[in-house]
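Novice: Just dropping this structure here.
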Amino acid sequence: MTGVAVVVPTFNRLALLRETVNSLRAQTVADARFILVDDGSFNETALFLDSLDRVDSRFEVIVKPASDVRGAQSSRNIGLRACRGEIVTFLDSDDLLEPDCLQRRSEFLEAHPSADIVVGRQAILSPTAERMRWVNVQSPVPELDRFLDLTHPIDVPWVNGGVTIRSSTLEASGVSWLPEFDWDDVAFHFHCIVAGLQVAWMNFDAPPDSYYRMHEGPRFGDQLSTAKGIRSAAEMVCWMRHELEERNLLTSIREASLVRSFYFGSVLRAVDMEDYDTASSLVGLALAAGLIGSARAAGFRAYVNGRHVLRSTSRATFYFNRLSELGLVPAYSSSARSTYGTVPAVNPSISALHP
């Protein structure tokens, strides 16, 4: 298989970006193209990006126009439009690939012509953990259903750099990154699956091929903890329900998962921030979108109002009592399934960081 592209949205954080770039330079596949989309970086980061194509001809840097929508999602769309390869990986600018990652995934897709998405062996890399955990772990639960259930502990089957996708199938599906949703990886990969892209998993008996890095610097996902991010998550859940219904994929189990994700991921988080007006408005949003009915909406609003009045009440006791009344406790407990595993503590190859 020829024509491998990696799209990397980036904005500053030069130290992490250097190591991500080094892991790309170390790739063994000969015909790769690394498309970095700069979202307005400045000073040293901008100079570093400007020099990349002179250091390695496989790099292409696109500077996003200031008039474009800011954010990783729109940057990935720009990079996707610039792709000329047969397969594409969307890598965050703080994550890493092992040197043979793209080569192995290309060979896997060539050997599995019916697959559109290959799930690689991605692990979480933390400077403090003694052992690393897998990000991507196969489960008896279908991938689509795992993307719907966003309650704790979150068990989405993969994140951005953990998969490689056939570009032609992605283009034919019409799927793109949606700037309106801050939970970008969930929205995009959910959309891929409901659009019909077929998934195949690599063998997990081998070491990791990529790493999702934990670090103390800012991450794009930090937006999910803001008032805007909470509303965006609620809107995404409503959109998911609409997409499933439009494609005749909505079942009672999936609808229940979405209600849990909405309630725990948005309503309760807004209440914990003591933003009761937002919590109440989100209930109205879900009611209008058909995610919940009037009886459930009344129960949610009663909880929000009760928390507003009884701020000094023990949170744990009040949660349990209220959730029991709403009938959500058993459903939530049964959804708390994590398939995260551990792998031996190993470091990325020296060549991945320092080619």
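Going by the structure tokens order, chains are called A, B, ..., each with residues numbered from 1, while ligands are numbered from 1 in the order shown.
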Using only C-alpha atoms, what table do you get, as JSON lines, when you list each residue of region 64-91 of chain A with an atom no more than 10 Å from region 9-21 of chain A, its nearest pair of atoms, and their distance in Å rounded to one decimal, rows by chain then rising number?

Specialist:
{"residue": "A:Lys64", "atom": "CA", "partner": "A:Pro9", "partner_atom": "CA", "distance": 9.8}
{"residue": "A:Gly71", "atom": "CA", "partner": "A:Pro9", "partner_atom": "CA", "distance": 8.4}
{"residue": "A:Ala72", "atom": "CA", "partner": "A:Pro9", "partner_atom": "CA", "distance": 5.6}
{"residue": "A:Gln73", "atom": "CA", "partner": "A:Pro9", "partner_atom": "CA", "distance": 8.2}
{"residue": "A:Ser74", "atom": "CA", "partner": "A:Pro9", "partner_atom": "CA", "distance": 8.8}
{"residue": "A:Ser75", "atom": "CA", "partner": "A:Pro9", "partner_atom": "CA", "distance": 5.5}
{"residue": "A:Arg76", "atom": "CA", "partner": "A:Pro9", "partner_atom": "CA", "distance": 6.0}
{"residue": "A:Asn77", "atom": "CA", "partner": "A:Pro9", "partner_atom": "CA", "distance": 9.5}
{"residue": "A:Ile78", "atom": "CA", "partner": "A:Pro9", "partner_atom": "CA", "distance": 9.2}
{"residue": "A:Gly79", "atom": "CA", "partner": "A:Pro9", "partner_atom": "CA", "distance": 8.0}
{"residue": "A:Phe90", "atom": "CA", "partner": "A:Pro9", "partner_atom": "CA", "distance": 8.4}
{"residue": "A:Leu91", "atom": "CA", "partner": "A:Pro9", "partner_atom": "CA", "distance": 7.8}

Novice: Env of Asp31 (chain A): 9 Å cut, atoms = only C-alpha atoms, seq-sep filter 4 positions within chain, self excluded. Answer as a list in words.

Specialist: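 The neighbour list is Thr2, Gly3, Val4, Ala5, Arg58 and Gly85 of chain A.
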
Novice: Going by DSSP on the backbone, which residues of region 18-60 of chain A come out as strand (DSSP E or B)? List them as an MDAnalysis selection string.

Specialist: chainID A and resid 32:38 59:60

Novice: Got time to write the residues from that selection, N, CA, C and O atoms, as a PDB file, in the first residue's frame?

Specialist:
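Printed below is result.pdb as written:
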ATOM      1  N   ALA A  32       5.695   8.326   3.188  1.00  0.00           N
ATOM      2  CA  ALA A  32       4.816   9.040   4.111  1.00  0.00           C
ATOM      3  C   ALA A  32       4.828  10.532   3.826  1.00  0.00           C
ATOM      4  O   ALA A  32       5.786  11.084   3.288  1.00  0.00           O
ATOM      5  N   ARG A  33       3.727  11.169   4.202  1.00  0.00           N
ATOM      6  CA  ARG A  33       3.618  12.628   4.129  1.00  0.00           C
ATOM      7  C   ARG A  33       3.074  13.110   5.464  1.00  0.00           C
ATOM      8  O   ARG A  33       2.029  12.655   5.921  1.00  0.00           O
ATOM      9  N   PHE A  34       3.797  14.022   6.099  1.00  0.00           N
ATOM     10  CA  PHE A  34       3.417  14.518   7.412  1.00  0.00           C
ATOM     11  C   PHE A  34       2.915  15.958   7.266  1.00  0.00           C
ATOM     12  O   PHE A  34       3.693  16.869   6.967  1.00  0.00           O
ATOM     13  N   ILE A  35       1.617  16.135   7.463  1.00  0.00           N
ATOM     14  CA  ILE A  35       0.985  17.438   7.249  1.00  0.00           C
ATOM     15  C   ILE A  35       0.701  18.071   8.598  1.00  0.00           C
ATOM     16  O   ILE A  35      -0.173  17.607   9.343  1.00  0.00           O
ATOM     17  N   LEU A  36       1.437  19.115   8.932  1.00  0.00           N
ATOM     18  CA  LEU A  36       1.245  19.833  10.181  1.00  0.00           C
ATOM     19  C   LEU A  36       0.463  21.109   9.887  1.00  0.00           C
ATOM     20  O   LEU A  36       0.861  21.913   9.034  1.00  0.00           O
ATOM     21  N   VAL A  37      -0.653  21.276  10.560  1.00  0.00           N
ATOM     22  CA  VAL A  37      -1.498  22.446  10.350  1.00  0.00           C
ATOM     23  C   VAL A  37      -1.336  23.366  11.557  1.00  0.00           C
ATOM     24  O   VAL A  37      -1.742  23.023  12.674  1.00  0.00           O
ATOM     25  N   ASP A  38      -0.718  24.514  11.321  1.00  0.00           N
ATOM     26  CA  ASP A  38      -0.398  25.451  12.395  1.00  0.00           C
ATOM     27  C   ASP A  38      -1.568  26.389  12.638  1.00  0.00           C
ATOM     28  O   ASP A  38      -2.010  27.099  11.737  1.00  0.00           O
ATOM     29  N   PHE A  59       7.748  16.479   5.261  1.00  0.00           N
ATOM     30  CA  PHE A  59       6.903  17.396   6.020  1.00  0.00           C
ATOM     31  C   PHE A  59       6.314  18.484   5.128  1.00  0.00           C
ATOM     32  O   PHE A  59       6.978  19.016   4.241  1.00  0.00           O
ATOM     33  N   GLU A  60       5.049  18.779   5.409  1.00  0.00           N
ATOM     34  CA  GLU A  60       4.361  19.918   4.786  1.00  0.00           C
ATOM     35  C   GLU A  60       3.659  20.688   5.895  1.00  0.00           C
ATOM     36  O   GLU A  60       2.870  20.112   6.649  1.00  0.00           O
TER      37      GLU A  60
END

Novice: For Ala233 (chain A), please output as number ranges by chain all residues within 9 Å (counting only C-alpha atoms; exclusion window: fewer than 5 positions along the same chain).

Specialist: A: 181-183, 224, 228, 238, 261-262, 265-266

Novice: Counting only C-alpha atoms, which residue out of A:Arg307, A:Arg166, A:Arg301, A:His189 sits closest to Arg146 (chain A)?

Specialist: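 When distances to Arg146 (chain A) are compared using only C-alpha atoms, the smallest one comes from A:His189.
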
Novice: Return the single residue from A:Arg25, A:Gln122, A:Val156, A:Ala172 that is closest to Pro99 (chain A), with distances computed using only C-alpha atoms.

Specialist: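 With only C-alpha atoms as the atom set, the closest residue is A:Arg25.
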
Novice: Go through A:Gln223, A:Asn160, A:Ser93, A:Arg254 one by one, measure the shortest atom-to-atom distance of each to Val141 (chain A) using only C-alpha atoms, and give the residue with the smallest value.

Specialist: A:Arg254

Novice: If you count only C-alpha atoms, which residues fall within 6 Å of Val118 (chain A), apart from same-chain ones fewer than 3 positions away, as a ChimeraX atom specification?

Specialist: /A:163-164,200-201

Novice: Go ahead and write the residues just picked, N, CA, C and O atoms, as a compact mmCIF listing (two decimals), in the first residue's frame.

Specialist:
# COMPACT_ATOMS: atom_id res chain seq x y z
N VAL A 163 -5.62 4.94 15.67
CA VAL A 163 -6.18 4.28 14.49
C VAL A 163 -5.64 4.91 13.21
O VAL A 163 -5.18 6.06 13.20
N THR A 164 -5.69 4.13 12.14
CA THR A 164 -5.35 4.61 10.80
C THR A 164 -6.53 4.26 9.89
O THR A 164 -7.13 3.18 10.02
N ALA A 200 -11.09 -3.15 12.07
CA ALA A 200 -10.31 -4.36 12.35
C ALA A 200 -9.23 -4.02 13.37
O ALA A 200 -8.67 -2.92 13.35
N TRP A 201 -8.97 -4.96 14.26
CA TRP A 201 -8.02 -4.75 15.35
C TRP A 201 -6.73 -5.51 15.10
O TRP A 201 -6.75 -6.67 14.70

Novice: Could you state the separation of CA of Ser257 (chain A) and CA of Met240 (chain A) in Å, given to one decimal place?

Specialist: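 Result for CA of Ser257 (chain A) versus CA of Met240 (chain A): 11.0 Å, one decimal.
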
Novice: Near Val29 (chain A), within 9 Å and counting only C-alpha atoms, which residues show up once chain neighbours fewer than 4 positions away are dropped, as a list in words?

Specialist: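 So, after excluding close chain neighbours, the residues are Val4, Pro99, Asp100, Cys101, Leu102, Gln103, Arg104 and Ser106 of chain A.
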
Novice: For those residues, write C-alpha atoms to a file as a PDB file, in the first residue's frame.

Specialist:
ATOM      1  CA  VAL A   4       0.577   7.267   3.960  1.00  0.00           C
ATOM      2  CA  PRO A  99       9.229   3.946  14.185  1.00  0.00           C
ATOM      3  CA  ASP A 100       7.457   1.007  12.506  1.00  0.00           C
ATOM      4  CA  CYS A 101       3.922   2.134  13.394  1.00  0.00           C
ATOM      5  CA  LEU A 102       2.831   3.410   9.989  1.00  0.00           C
ATOM      6  CA  GLN A 103       4.557   0.564   8.178  1.00  0.00           C
ATOM      7  CA  ARG A 104       2.805  -2.073  10.306  1.00  0.00           C
ATOM      8  CA  SER A 106      -0.199  -0.082   6.221  1.00  0.00           C
TER       9      SER A 106
END

Novice: Which neighbours of Leu282 (chain A) fall inside 7 Å, counting only C-alpha atoms, when residues of the same chain fewer than 4 positions from it are skipped, and could you give them as a compact mmCIF listing (two decimals) with C-alpha atoms, in the first residue's frame?

Specialist:
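This went into around_26.txt:
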# COMPACT_ATOMS: atom_id res chain seq x y z
CA ALA A 234 -24.76 17.80 25.80
CA VAL A 267 -26.20 18.00 33.93
CA THR A 278 -27.02 25.99 32.59
CA ALA A 286 -32.43 17.28 25.67

Novice: Which is closest to Gly290 (chain A) among A:Val259, A:Ala270, A:Ile253, A:Ala302, if we use only C-alpha atoms?

Specialist: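 Comparing A:Val259, A:Ala270, A:Ile253, A:Ala302 against Gly290 (chain A), the winner is A:Val259.
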
Novice: So that I can see what lies close to Tyr276 (chain A), please list as an MDAnalysis selection string the residues with an atom at most 7 Å from it, counting only C-alpha atoms and leaving out residues fewer than 5 positions away in the same chain.

Specialist: chainID A and resid 270:271 304 308

Novice: Would you output that residue set with all heavy atoms, as an mmCIF file, in the first residue's frame?

Specialist:
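Printed below is part-v6.cif as written:
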data_model
loop_
_atom_site.group_PDB
_atom_site.id
_atom_site.type_symbol
_atom_site.label_atom_id
_atom_site.label_comp_id
_atom_site.auth_asym_id
_atom_site.auth_seq_id
_atom_site.Cartn_x
_atom_site.Cartn_y
_atom_site.Cartn_z
ATOM 1 N N ALA A 270 -22.547 20.459 35.428
ATOM 2 C CA ALA A 270 -22.982 21.849 35.574
ATOM 3 C C ALA A 270 -23.426 22.121 37.002
ATOM 4 O O ALA A 270 -23.121 23.179 37.580
ATOM 5 C CB ALA A 270 -24.112 22.152 34.591
ATOM 6 N N VAL A 271 -24.134 21.171 37.603
ATOM 7 C CA VAL A 271 -24.570 21.338 38.992
ATOM 8 C C VAL A 271 -23.366 21.407 39.927
ATOM 9 O O VAL A 271 -23.319 22.223 40.855
ATOM 10 C CB VAL A 271 -25.513 20.188 39.393
ATOM 11 C CG1 VAL A 271 -25.749 20.180 40.895
ATOM 12 C CG2 VAL A 271 -26.847 20.315 38.667
ATOM 13 N N VAL A 304 -31.927 19.217 39.922
ATOM 14 C CA VAL A 304 -31.166 20.467 39.823
ATOM 15 C C VAL A 304 -31.663 21.472 40.855
ATOM 16 O O VAL A 304 -30.869 22.096 41.576
ATOM 17 C CB VAL A 304 -31.272 21.050 38.399
ATOM 18 C CG1 VAL A 304 -30.643 22.449 38.339
ATOM 19 C CG2 VAL A 304 -30.608 20.119 37.386
ATOM 20 N N HIS A 308 -29.752 22.993 44.204
ATOM 21 C CA HIS A 308 -29.618 24.440 44.353
ATOM 22 C C HIS A 308 -30.038 24.860 45.762
ATOM 23 O O HIS A 308 -29.364 25.669 46.414
ATOM 24 C CB HIS A 308 -30.469 25.142 43.300
ATOM 25 C CG HIS A 308 -30.158 26.593 43.168
ATOM 26 N ND1 HIS A 308 -30.804 27.418 42.263
ATOM 27 C CD2 HIS A 308 -29.275 27.393 43.816
ATOM 28 C CE1 HIS A 308 -30.321 28.644 42.370
ATOM 29 N NE2 HIS A 308 -29.402 28.652 43.310
#

Novice: So that I can check the secondary structure, give me every residue of region 87-184 of chain A assigned alpha helix (DSSP H) by backbone DSSP, as a tab-separated table (two decimals) with all heavy atoms, in the first residue's frame.

Specialist:
chain	number	residue	atom	x	y	z
A	101	CYS	N	5.38	2.06	13.23
A	101	CYS	CA	3.92	2.13	13.39
A	101	CYS	C	3.20	2.23	12.06
A	101	CYS	O	2.30	1.42	11.76
A	101	CYS	CB	3.56	3.33	14.28
A	101	CYS	SG	1.78	3.61	14.44
A	102	LEU	N	3.54	3.21	11.25
A	102	LEU	CA	2.83	3.41	9.99
A	102	LEU	C	3.06	2.24	9.03
A	102	LEU	O	2.14	1.85	8.30
A	102	LEU	CB	3.26	4.73	9.35
A	102	LEU	CG	2.95	5.99	10.16
A	102	LEU	CD1	3.47	7.23	9.44
A	102	LEU	CD2	1.45	6.12	10.43
A	103	GLN	N	4.26	1.70	9.04
A	103	GLN	CA	4.56	0.56	8.18
A	103	GLN	C	3.68	-0.63	8.55
A	103	GLN	O	3.07	-1.27	7.69
A	103	GLN	CB	6.03	0.19	8.33
A	103	GLN	CG	6.47	-0.93	7.41
A	103	GLN	CD	6.58	-0.48	5.96
A	103	GLN	OE1	7.04	0.62	5.68
A	103	GLN	NE2	6.12	-1.32	5.04
A	104	ARG	N	3.60	-0.93	9.84
A	104	ARG	CA	2.81	-2.07	10.31
A	104	ARG	C	1.32	-1.88	10.01
A	104	ARG	O	0.63	-2.82	9.58
A	104	ARG	CB	3.01	-2.26	11.81
A	104	ARG	CG	4.43	-2.60	12.22
A	104	ARG	CD	4.79	-4.00	11.86
A	104	ARG	NE	6.09	-4.39	12.40
A	104	ARG	CZ	6.68	-5.54	12.16
A	104	ARG	NH1	6.10	-6.42	11.36
A	104	ARG	NH2	7.87	-5.82	12.69
A	105	ARG	N	0.83	-0.68	10.25
A	105	ARG	CA	-0.60	-0.45	10.00
A	105	ARG	C	-0.91	-0.51	8.51
A	105	ARG	O	-1.98	-0.99	8.10
A	105	ARG	CB	-1.01	0.90	10.59
A	105	ARG	CG	-0.99	0.92	12.12
A	105	ARG	CD	-1.53	2.23	12.65
A	105	ARG	NE	-1.35	2.36	14.10
A	105	ARG	CZ	-1.72	3.41	14.81
A	105	ARG	NH1	-2.32	4.43	14.21
A	105	ARG	NH2	-1.51	3.46	16.12
A	106	SER	N	0.00	0.00	7.67
A	106	SER	CA	-0.20	-0.08	6.22
A	106	SER	C	-0.27	-1.53	5.77
A	106	SER	O	-1.14	-1.92	4.97
A	106	SER	CB	0.95	0.63	5.50
A	106	SER	OG	0.98	2.00	5.81
A	107	GLU	N	0.66	-2.33	6.27
A	107	GLU	CA	0.67	-3.75	5.89
A	107	GLU	C	-0.59	-4.46	6.37
A	107	GLU	O	-1.12	-5.34	5.67
A	107	GLU	CB	1.92	-4.41	6.49
A	107	GLU	CG	3.22	-3.91	5.87
A	107	GLU	CD	4.45	-4.39	6.63
A	107	GLU	OE1	4.28	-5.00	7.72
A	107	GLU	OE2	5.57	-4.16	6.13
A	108	PHE	N	-1.06	-4.09	7.54
A	108	PHE	CA	-2.27	-4.71	8.07
A	108	PHE	C	-3.47	-4.39	7.19
A	108	PHE	O	-4.28	-5.28	6.87
A	108	PHE	CB	-2.52	-4.22	9.50
A	108	PHE	CG	-3.68	-4.89	10.19
A	108	PHE	CD1	-3.50	-6.04	10.93
A	108	PHE	CD2	-4.97	-4.37	10.08
A	108	PHE	CE1	-4.57	-6.66	11.56
A	108	PHE	CE2	-6.04	-4.99	10.70
A	108	PHE	CZ	-5.85	-6.14	11.45
A	109	LEU	N	-3.63	-3.13	6.80
A	109	LEU	CA	-4.76	-2.76	5.95
A	109	LEU	C	-4.66	-3.42	4.58
A	109	LEU	O	-5.67	-3.80	3.98
A	109	LEU	CB	-4.82	-1.24	5.80
A	109	LEU	CG	-5.51	-0.50	6.94
A	109	LEU	CD1	-5.35	1.01	6.79
A	109	LEU	CD2	-6.99	-0.87	7.02
A	110	GLU	N	-3.44	-3.58	4.08
A	110	GLU	CA	-3.27	-4.25	2.79
A	110	GLU	C	-3.69	-5.71	2.88
A	110	GLU	O	-4.25	-6.27	1.94
A	110	GLU	CB	-1.82	-4.13	2.34
A	110	GLU	CG	-1.59	-4.55	0.90
A	110	GLU	CD	-0.25	-4.09	0.37
A	110	GLU	OE1	0.61	-3.68	1.17
A	110	GLU	OE2	-0.07	-4.16	-0.87
A	111	ALA	N	-3.44	-6.31	4.04
A	111	ALA	CA	-3.80	-7.72	4.24
A	111	ALA	C	-5.27	-7.89	4.62
A	111	ALA	O	-5.76	-9.03	4.62
A	111	ALA	CB	-2.92	-8.32	5.33
A	143	GLU	N	-18.01	-1.49	19.21
A	143	GLU	CA	-17.33	-0.19	19.26
A	143	GLU	C	-18.33	0.97	19.31
A	143	GLU	O	-18.13	1.93	20.06
A	143	GLU	CB	-16.40	-0.02	18.05
A	143	GLU	CG	-15.18	-0.91	18.05
A	143	GLU	CD	-15.42	-2.23	17.35
A	143	GLU	OE1	-16.56	-2.45	16.87
A	143	GLU	OE2	-14.47	-3.06	17.27
A	144	LEU	N	-19.39	0.88	18.53
A	144	LEU	CA	-20.38	1.95	18.51
A	144	LEU	C	-20.96	2.18	19.90
A	144	LEU	O	-21.06	3.33	20.36
A	144	LEU	CB	-21.50	1.61	17.52
A	144	LEU	CG	-22.69	2.58	17.48
A	144	LEU	CD1	-22.24	3.99	17.17
A	144	LEU	CD2	-23.72	2.10	16.47
A	145	ASP	N	-21.31	1.12	20.59
A	145	ASP	CA	-21.92	1.26	21.91
A	145	ASP	C	-20.93	1.82	22.93
A	145	ASP	O	-21.32	2.54	23.85
A	145	ASP	CB	-22.48	-0.08	22.37
A	145	ASP	CG	-23.62	-0.54	21.49
A	145	ASP	OD1	-24.77	-0.14	21.76
A	145	ASP	OD2	-23.37	-1.26	20.52
A	146	ARG	N	-19.66	1.51	22.77
A	146	ARG	CA	-18.65	2.05	23.69
A	146	ARG	C	-18.49	3.55	23.51
A	146	ARG	O	-18.23	4.28	24.47
A	146	ARG	CB	-17.32	1.32	23.49
A	146	ARG	CG	-17.38	-0.13	23.92
A	146	ARG	CD	-16.14	-0.90	23.50
A	146	ARG	NE	-14.97	-0.50	24.27
A	146	ARG	CZ	-13.74	-0.94	24.01
A	146	ARG	NH1	-13.53	-1.77	22.99
A	146	ARG	NH2	-12.72	-0.56	24.75
A	147	PHE	N	-18.64	4.03	22.29
A	147	PHE	CA	-18.55	5.47	22.05
A	147	PHE	C	-19.77	6.22	22.61
A	147	PHE	O	-19.70	7.43	22.81
A	147	PHE	CB	-18.40	5.77	20.56
A	147	PHE	CG	-16.98	5.74	20.07
A	147	PHE	CD1	-16.56	4.82	19.13
A	147	PHE	CD2	-16.05	6.64	20.57
A	147	PHE	CE1	-15.25	4.79	18.69
A	147	PHE	CE2	-14.73	6.62	20.14
A	147	PHE	CZ	-14.32	5.69	19.19
A	148	LEU	N	-20.87	5.52	22.82
A	148	LEU	CA	-22.07	6.19	23.35
A	148	LEU	C	-22.04	6.32	24.86
A	148	LEU	O	-22.68	7.22	25.41
A	148	LEU	CB	-23.32	5.39	22.94
A	148	LEU	CG	-23.57	5.18	21.45
A	148	LEU	CD1	-24.85	4.37	21.26
A	148	LEU	CD2	-23.66	6.50	20.71
A	167	SER	N	-8.30	6.65	3.35
A	167	SER	CA	-8.72	7.99	2.94
A	167	SER	C	-9.89	7.95	1.97
A	167	SER	O	-10.81	8.79	2.06
A	167	SER	CB	-7.54	8.74	2.29
A	167	SER	OG	-6.44	8.79	3.15
A	168	SER	N	-9.89	7.00	1.05
A	168	SER	CA	-10.96	6.94	0.05
A	168	SER	C	-12.31	6.66	0.69
A	168	SER	O	-13.33	7.26	0.32
A	168	SER	CB	-10.63	5.88	-1.00
A	168	SER	OG	-10.47	4.61	-0.39
A	169	THR	N	-12.33	5.75	1.65
A	169	THR	CA	-13.58	5.43	2.33
A	169	THR	C	-14.06	6.60	3.15
A	169	THR	O	-15.26	6.90	3.21
A	169	THR	CB	-13.40	4.20	3.24
A	169	THR	OG1	-12.72	3.18	2.54
A	169	THR	CG2	-14.75	3.69	3.72
A	170	LEU	N	-13.12	7.27	3.81
A	170	LEU	CA	-13.48	8.44	4.62
A	170	LEU	C	-14.08	9.53	3.75
A	170	LEU	O	-15.11	10.13	4.09
A	170	LEU	CB	-12.23	8.95	5.34
A	170	LEU	CG	-12.44	10.04	6.39
A	170	LEU	CD1	-13.38	9.58	7.49
A	170	LEU	CD2	-11.10	10.46	6.98
A	171	GLU	N	-13.47	9.76	2.59
A	171	GLU	CA	-13.99	10.78	1.68
A	171	GLU	C	-15.37	10.40	1.16
A	171	GLU	O	-16.28	11.23	1.10
A	171	GLU	CB	-13.02	10.98	0.51
A	171	GLU	CG	-13.47	12.05	-0.47
A	171	GLU	CD	-12.49	12.24	-1.62
A	171	GLU	OE1	-11.49	11.50	-1.69
A	171	GLU	OE2	-12.72	13.14	-2.45
A	172	ALA	N	-15.55	9.14	0.81
A	172	ALA	CA	-16.84	8.68	0.28
A	172	ALA	C	-17.95	8.77	1.32
A	172	ALA	O	-19.11	9.00	0.98
A	172	ALA	CB	-16.71	7.25	-0.23
A	173	SER	N	-17.59	8.61	2.60
A	173	SER	CA	-18.59	8.65	3.67
A	173	SER	C	-19.08	10.06	3.95
A	173	SER	O	-20.14	10.25	4.55
A	173	SER	CB	-18.02	8.05	4.94
A	173	SER	OG	-17.04	8.92	5.52
A	184	ASP	N	-13.95	16.06	20.39
A	184	ASP	CA	-13.74	15.89	18.96
A	184	ASP	C	-13.52	14.44	18.54
A	184	ASP	O	-14.08	13.98	17.54
A	184	ASP	CB	-12.57	16.75	18.49
A	184	ASP	CG	-11.29	16.48	19.29
A	184	ASP	OD1	-11.39	16.16	20.48
A	184	ASP	OD2	-10.20	16.61	18.71

Novice: Using only C-alpha atoms, which residue out of A:Leu291, A:Ala26, A:Ile62, A:Cys192 lies closest to Gly40 (chain A)?

Specialist: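 Of the candidates, the smallest distance to Gly40 (chain A) is held by A:Ile62.
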
Novice: Let me make sure I understand: among A:Ile117, A:Met214, A:Leu49, A:Gly229, which one has the smallest atom-to-atom distance to Ala129 (chain A) if we use only C-alpha atoms?

Specialist: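 When distances to Ala129 (chain A) are compared using only C-alpha atoms, the smallest one comes from A:Met214.
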
Novice: Report the distance between CA of Asn203 (chain A) and CA of Met132 (chain A) in Å, rounded to one decimal place.

Specialist: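 If I compute the distance from CA of Asn203 (chain A) to CA of Met132 (chain A), I get 17.5 Å.
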